[in-house]
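S.K.: upload27.pdb (PDB, C-alpha atoms) pasted underneath:
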ATOM      1  CA  MET W1477     -37.503 -23.826  96.331  1.00  0.00           C
ATOM      2  CA  GLU W1478     -36.778 -20.386  97.739  1.00  0.00           C
ATOM      3  CA  CYS W1479     -34.240 -20.201 100.558  1.00  0.00           C
ATOM      4  CA  PHE W1480     -33.160 -16.785 101.730  1.00  0.00           C
ATOM      5  CA  GLY W1481     -30.456 -15.914 104.222  1.00  0.00           C
ATOM      6  CA  VAL W1482     -29.021 -19.416 104.384  1.00  0.00           C
ATOM      7  CA  GLY W1483     -25.405 -18.227 104.418  1.00  0.00           C
ATOM      8  CA  SER W1484     -23.088 -19.916 101.920  1.00  0.00           C
ATOM      9  CA  VAL W1485     -24.450 -22.057  99.099  1.00  0.00           C
ATOM     10  CA  LEU W1486     -22.392 -24.721  97.348  1.00  0.00           C
ATOM     11  CA  HIS W1487     -22.483 -24.858  93.538  1.00  0.00           C
ATOM     12  CA  TRP W1488     -21.019 -27.962  91.941  1.00  0.00           C
ATOM     13  CA  PHE W1489     -19.482 -27.219  88.548  1.00  0.00           C
ATOM     14  CA  ARG W1490     -19.518 -30.540  86.733  1.00  0.00           C
ATOM     15  CA  GLN W1491     -18.201 -29.954  83.218  1.00  0.00           C
ATOM     16  CA  ASP W1492     -19.800 -26.597  82.560  1.00  0.00           C
ATOM     17  CA  PHE W1493     -17.778 -23.656  83.836  1.00  0.00           C
ATOM     18  CA  ARG W1494     -20.030 -20.915  82.465  1.00  0.00           C
ATOM     19  CA  ALA W1495     -20.610 -18.035  84.843  1.00  0.00           C
ATOM     20  CA  ARG W1496     -23.079 -16.400  82.452  1.00  0.00           C
ATOM     21  CA  ASP W1497     -26.220 -18.182  81.311  1.00  0.00           C
ATOM     22  CA  ASN W1498     -25.837 -20.850  84.024  1.00  0.00           C
ATOM     23  CA  VAL W1499     -29.290 -21.477  85.483  1.00  0.00           C
ATOM     24  CA  ALA W1500     -28.066 -23.494  88.484  1.00  0.00           C
ATOM     25  CA  LEU W1501     -25.407 -20.934  89.386  1.00  0.00           C
ATOM     26  CA  ALA W1502     -27.938 -18.107  89.152  1.00  0.00           C
ATOM     27  CA  ALA W1503     -30.284 -20.032  91.460  1.00  0.00           C
ATOM     28  CA  ALA W1504     -27.462 -20.576  93.951  1.00  0.00           C
ATOM     29  CA  CYS W1505     -26.732 -16.826  93.921  1.00  0.00           C
ATOM     30  CA  ARG W1506     -30.369 -16.070  94.719  1.00  0.00           C
ATOM     31  CA  MET W1507     -30.512 -18.604  97.553  1.00  0.00           C
ATOM     32  CA  GLY W1508     -27.630 -17.617  99.758  1.00  0.00           C
ATOM     33  CA  ASP W1509     -25.473 -14.783 100.935  1.00  0.00           C
ATOM     34  CA  SER W1510     -22.429 -16.176  99.107  1.00  0.00           C
ATOM     35  CA  VAL W1511     -21.677 -18.991  96.655  1.00  0.00           C
ATOM     36  CA  VAL W1512     -18.784 -21.412  96.891  1.00  0.00           C
ATOM     37  CA  GLY W1513     -17.928 -23.082  93.580  1.00  0.00           C
ATOM     38  CA  VAL W1514     -16.611 -26.642  93.617  1.00  0.00           C
ATOM     39  CA  PHE W1515     -15.124 -28.759  90.848  1.00  0.00           C
ATOM     40  CA  CYS W1516     -13.767 -32.265  91.420  1.00  0.00           C
ATOM     41  CA  ILE W1517     -10.985 -33.420  89.151  1.00  0.00           C
ATOM     42  CA  ASP W1518     -11.111 -37.098  88.307  1.00  0.00           C
ATOM     43  CA  THR W1519      -7.576 -38.344  87.717  1.00  0.00           C
ATOM     44  CA  ARG W1520      -8.949 -40.958  85.308  1.00  0.00           C
ATOM     45  CA  TRP W1521      -9.446 -38.127  82.778  1.00  0.00           C
ATOM     46  CA  PHE W1522      -5.747 -37.443  82.429  1.00  0.00           C
ATOM     47  CA  PRO W1523      -3.819 -40.592  81.503  1.00  0.00           C
ATOM     48  CA  ALA W1524      -1.829 -40.279  78.296  1.00  0.00           C
ATOM     49  CA  ALA W1525      -4.052 -42.834  76.574  1.00  0.00           C
ATOM     50  CA  ALA W1526      -7.406 -41.543  77.865  1.00  0.00           C
ATOM     51  CA  GLU W1527     -10.148 -42.693  75.531  1.00  0.00           C
ATOM     52  CA  LYS W1528     -12.869 -40.224  76.493  1.00  0.00           C
ATOM     53  CA  THR W1529     -10.757 -37.187  77.317  1.00  0.00           C
ATOM     54  CA  GLY W1530      -8.057 -36.097  74.966  1.00  0.00           C
ATOM     55  CA  ALA W1531      -5.153 -33.851  75.815  1.00  0.00           C
ATOM     56  CA  PHE W1532      -6.896 -30.765  74.407  1.00  0.00           C
ATOM     57  CA  GLN W1533     -10.012 -31.320  76.528  1.00  0.00           C
ATOM     58  CA  ALA W1534      -7.974 -31.862  79.694  1.00  0.00           C
ATOM     59  CA  THR W1535      -5.949 -28.708  78.980  1.00  0.00           C
ATOM     60  CA  PHE W1536      -9.166 -26.739  78.398  1.00  0.00           C
ATOM     61  CA  TRP W1537     -10.612 -27.844  81.754  1.00  0.00           C
ATOM     62  CA  LEU W1538      -7.439 -26.972  83.658  1.00  0.00           C
ATOM     63  CA  GLU W1539      -7.117 -23.560  81.977  1.00  0.00           C
ATOM     64  CA  SER W1540     -10.799 -22.810  82.593  1.00  0.00           C
ATOM     65  CA  LEU W1541     -10.379 -23.559  86.284  1.00  0.00           C
ATOM     66  CA  ARG W1542      -7.468 -21.143  86.518  1.00  0.00           C
TER      67      ARG W1542
END
Do you think you could lay out the structure here as structure tokens?

M.R.:
Amino acid sequence: MECFGVGSVLHWFRQDFRARDNVALAAACRMGDSVVGVFCIDTRWFPAAAEKTGAFQATFWLESLR
């Protein structure tokens, strides 16, 4: 789908923060005049006893967002 001149385009960063080699981000850049990146933090990732997300992974995500 080609959309030109649509103004701002929203790009949802899920768990992949790459700016290079990111096909969806590149497509968003081609579609609009500007791109707004969004990432939603799920507080369930950060409890001390998180089974799926350890402390190192949570720290990585937070540092990558900065």

S.K.: What is the CA of Gln1533 in chain W-CA of Ile1517 in chain W distance in Å, reported with one decimal?

M.R.: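 Calculated distance between CA of Gln1533 in chain W and CA of Ile1517 in chain W is 12.8 Å.
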
S.K.: Can you measure CA of Val1485 in chain W to CA of Gly1508 in chain W for me? One decimal in Å is fine.

M.R.: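 Between CA of Val1485 in chain W and CA of Gly1508 in chain W the gap is 5.5 Å.
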
S.K.: Can you pull out every residue within 12 Å of Val1482 in chain W, counting all atoms listed in the file, but drop anything in the same chain fewer than 6 positions away, and send it as number ranges by chain?

M.R.: W: 1504-1511

S.K.: Might you pull out every residue within 12 Å of Ser1540 in chain W, with all atoms listed in the file counted and same-chain residues fewer than 4 positions away left off, and present them as a ChimeraX atom specification?

M.R.: /W:1489,1491-1495,1515,1533-1536

S.K.: In Å, rounded to a single decimal, give me how far CA of His1487 in chain W is from CA of Val1499 in chain W.

M.R.: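 About the pair CA of Val1499 in chain W and CA of His1487 in chain W: they are 11.1 Å apart.
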
S.K.: Could you tell me which of W:Thr1519, W:Val1512, W:Trp1537, W:Ala1503 comes closest to Arg1490 in chain W if we count all atoms listed in the file?

M.R.: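 Nearest candidate to Arg1490 in chain W out of W:Thr1519, W:Val1512, W:Trp1537, W:Ala1503: W:Trp1537.
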
S.K.: Pull out range 1492-1504 of chain W, keep all heavy atoms, and write it as a PDB file, in the first residue's frame.

M.R.:
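As written to disk, out-v2.pdb reads:
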ATOM      1  N   ASP W1492      11.207  -4.820  19.275  1.00  0.00           N
ATOM      2  CA  ASP W1492      12.324  -4.662  18.360  1.00  0.00           C
ATOM      3  C   ASP W1492      12.563  -3.176  18.162  1.00  0.00           C
ATOM      4  O   ASP W1492      11.775  -2.494  17.523  1.00  0.00           O
ATOM      5  CB  ASP W1492      11.988  -5.323  17.020  1.00  0.00           C
ATOM      6  CG  ASP W1492      13.128  -5.254  16.028  1.00  0.00           C
ATOM      7  OD1 ASP W1492      14.196  -4.708  16.368  1.00  0.00           O
ATOM      8  OD2 ASP W1492      12.958  -5.745  14.906  1.00  0.00           O
ATOM      9  N   PHE W1493      13.631  -2.658  18.748  1.00  0.00           N
ATOM     10  CA  PHE W1493      13.899  -1.233  18.723  1.00  0.00           C
ATOM     11  C   PHE W1493      14.859  -0.824  17.612  1.00  0.00           C
ATOM     12  O   PHE W1493      15.338   0.298  17.598  1.00  0.00           O
ATOM     13  CB  PHE W1493      14.488  -0.772  20.066  1.00  0.00           C
ATOM     14  CG  PHE W1493      13.621  -1.101  21.233  1.00  0.00           C
ATOM     15  CD1 PHE W1493      14.130  -1.806  22.307  1.00  0.00           C
ATOM     16  CD2 PHE W1493      12.307  -0.703  21.275  1.00  0.00           C
ATOM     17  CE1 PHE W1493      13.340  -2.103  23.399  1.00  0.00           C
ATOM     18  CE2 PHE W1493      11.504  -0.984  22.358  1.00  0.00           C
ATOM     19  CZ  PHE W1493      12.023  -1.692  23.419  1.00  0.00           C
ATOM     20  N   ARG W1494      15.140  -1.725  16.686  1.00  0.00           N
ATOM     21  CA  ARG W1494      16.112  -1.411  15.635  1.00  0.00           C
ATOM     22  C   ARG W1494      15.626  -0.253  14.774  1.00  0.00           C
ATOM     23  O   ARG W1494      14.484  -0.226  14.332  1.00  0.00           O
ATOM     24  CB  ARG W1494      16.337  -2.614  14.724  1.00  0.00           C
ATOM     25  CG  ARG W1494      17.048  -3.757  15.378  1.00  0.00           C
ATOM     26  CD  ARG W1494      17.155  -4.924  14.423  1.00  0.00           C
ATOM     27  NE  ARG W1494      15.802  -5.369  14.062  1.00  0.00           N
ATOM     28  CZ  ARG W1494      15.481  -5.869  12.879  1.00  0.00           C
ATOM     29  NH1 ARG W1494      16.391  -5.993  11.934  1.00  0.00           N
ATOM     30  NH2 ARG W1494      14.257  -6.248  12.609  1.00  0.00           N
ATOM     31  N   ALA W1495      16.512   0.693  14.535  1.00  0.00           N
ATOM     32  CA  ALA W1495      16.211   1.772  13.599  1.00  0.00           C
ATOM     33  C   ALA W1495      16.742   1.405  12.209  1.00  0.00           C
ATOM     34  O   ALA W1495      16.180   1.797  11.204  1.00  0.00           O
ATOM     35  CB  ALA W1495      16.832   3.073  14.073  1.00  0.00           C
ATOM     36  N   ARG W1496      17.802   0.623  12.181  1.00  0.00           N
ATOM     37  CA  ARG W1496      18.350   0.131  10.913  1.00  0.00           C
ATOM     38  C   ARG W1496      17.775  -1.253  10.658  1.00  0.00           C
ATOM     39  O   ARG W1496      17.510  -2.004  11.580  1.00  0.00           O
ATOM     40  CB  ARG W1496      19.872   0.014  10.989  1.00  0.00           C
ATOM     41  CG  ARG W1496      20.553   1.332  11.140  1.00  0.00           C
ATOM     42  CD  ARG W1496      22.039   1.124  11.167  1.00  0.00           C
ATOM     43  NE  ARG W1496      22.710   2.386  11.413  1.00  0.00           N
ATOM     44  CZ  ARG W1496      23.984   2.498  11.609  1.00  0.00           C
ATOM     45  NH1 ARG W1496      24.751   1.426  11.594  1.00  0.00           N
ATOM     46  NH2 ARG W1496      24.516   3.671  11.834  1.00  0.00           N
ATOM     47  N   ASP W1497      17.618  -1.596   9.409  1.00  0.00           N
ATOM     48  CA  ASP W1497      17.167  -2.933   9.025  1.00  0.00           C
ATOM     49  C   ASP W1497      15.797  -3.260   9.622  1.00  0.00           C
ATOM     50  O   ASP W1497      15.519  -4.390   9.985  1.00  0.00           O
ATOM     51  CB  ASP W1497      18.209  -3.979   9.437  1.00  0.00           C
ATOM     52  CG  ASP W1497      17.937  -5.340   8.824  1.00  0.00           C
ATOM     53  OD1 ASP W1497      17.367  -5.381   7.721  1.00  0.00           O
ATOM     54  OD2 ASP W1497      18.278  -6.351   9.456  1.00  0.00           O
ATOM     55  N   ASN W1498      14.936  -2.271   9.758  1.00  0.00           N
ATOM     56  CA  ASN W1498      13.585  -2.473  10.283  1.00  0.00           C
ATOM     57  C   ASN W1498      12.623  -2.183   9.133  1.00  0.00           C
ATOM     58  O   ASN W1498      12.384  -1.028   8.779  1.00  0.00           O
ATOM     59  CB  ASN W1498      13.332  -1.538  11.469  1.00  0.00           C
ATOM     60  CG  ASN W1498      12.015  -1.814  12.154  1.00  0.00           C
ATOM     61  OD1 ASN W1498      11.023  -2.127  11.506  1.00  0.00           O
ATOM     62  ND2 ASN W1498      12.008  -1.678  13.465  1.00  0.00           N
ATOM     63  N   VAL W1499      12.092  -3.244   8.541  1.00  0.00           N
ATOM     64  CA  VAL W1499      11.266  -3.129   7.344  1.00  0.00           C
ATOM     65  C   VAL W1499      10.016  -2.281   7.611  1.00  0.00           C
ATOM     66  O   VAL W1499       9.657  -1.414   6.805  1.00  0.00           O
ATOM     67  CB  VAL W1499      10.880  -4.535   6.822  1.00  0.00           C
ATOM     68  CG1 VAL W1499       9.943  -4.442   5.642  1.00  0.00           C
ATOM     69  CG2 VAL W1499      12.135  -5.313   6.447  1.00  0.00           C
ATOM     70  N   ALA W1500       9.355  -2.502   8.719  1.00  0.00           N
ATOM     71  CA  ALA W1500       8.128  -1.758   9.033  1.00  0.00           C
ATOM     72  C   ALA W1500       8.416  -0.274   9.262  1.00  0.00           C
ATOM     73  O   ALA W1500       7.650   0.589   8.821  1.00  0.00           O
ATOM     74  CB  ALA W1500       7.444  -2.358  10.256  1.00  0.00           C
ATOM     75  N   LEU W1501       9.511   0.028   9.934  1.00  0.00           N
ATOM     76  CA  LEU W1501       9.874   1.420  10.169  1.00  0.00           C
ATOM     77  C   LEU W1501      10.225   2.117   8.854  1.00  0.00           C
ATOM     78  O   LEU W1501       9.825   3.258   8.617  1.00  0.00           O
ATOM     79  CB  LEU W1501      11.041   1.512  11.152  1.00  0.00           C
ATOM     80  CG  LEU W1501      11.535   2.906  11.498  1.00  0.00           C
ATOM     81  CD1 LEU W1501      10.422   3.766  12.077  1.00  0.00           C
ATOM     82  CD2 LEU W1501      12.709   2.818  12.467  1.00  0.00           C
ATOM     83  N   ALA W1502      10.936   1.420   7.984  1.00  0.00           N
ATOM     84  CA  ALA W1502      11.275   1.990   6.681  1.00  0.00           C
ATOM     85  C   ALA W1502      10.015   2.275   5.869  1.00  0.00           C
ATOM     86  O   ALA W1502       9.903   3.318   5.215  1.00  0.00           O
ATOM     87  CB  ALA W1502      12.204   1.044   5.914  1.00  0.00           C
ATOM     88  N   ALA W1503       9.043   1.366   5.932  1.00  0.00           N
ATOM     89  CA  ALA W1503       7.778   1.575   5.221  1.00  0.00           C
ATOM     90  C   ALA W1503       7.032   2.778   5.788  1.00  0.00           C
ATOM     91  O   ALA W1503       6.460   3.575   5.036  1.00  0.00           O
ATOM     92  CB  ALA W1503       6.915   0.324   5.306  1.00  0.00           C
ATOM     93  N   ALA W1504       7.045   2.929   7.095  1.00  0.00           N
ATOM     94  CA  ALA W1504       6.385   4.075   7.726  1.00  0.00           C
ATOM     95  C   ALA W1504       7.044   5.378   7.277  1.00  0.00           C
ATOM     96  O   ALA W1504       6.356   6.370   7.014  1.00  0.00           O
ATOM     97  CB  ALA W1504       6.436   3.948   9.243  1.00  0.00           C
TER      98      ALA W1504
END
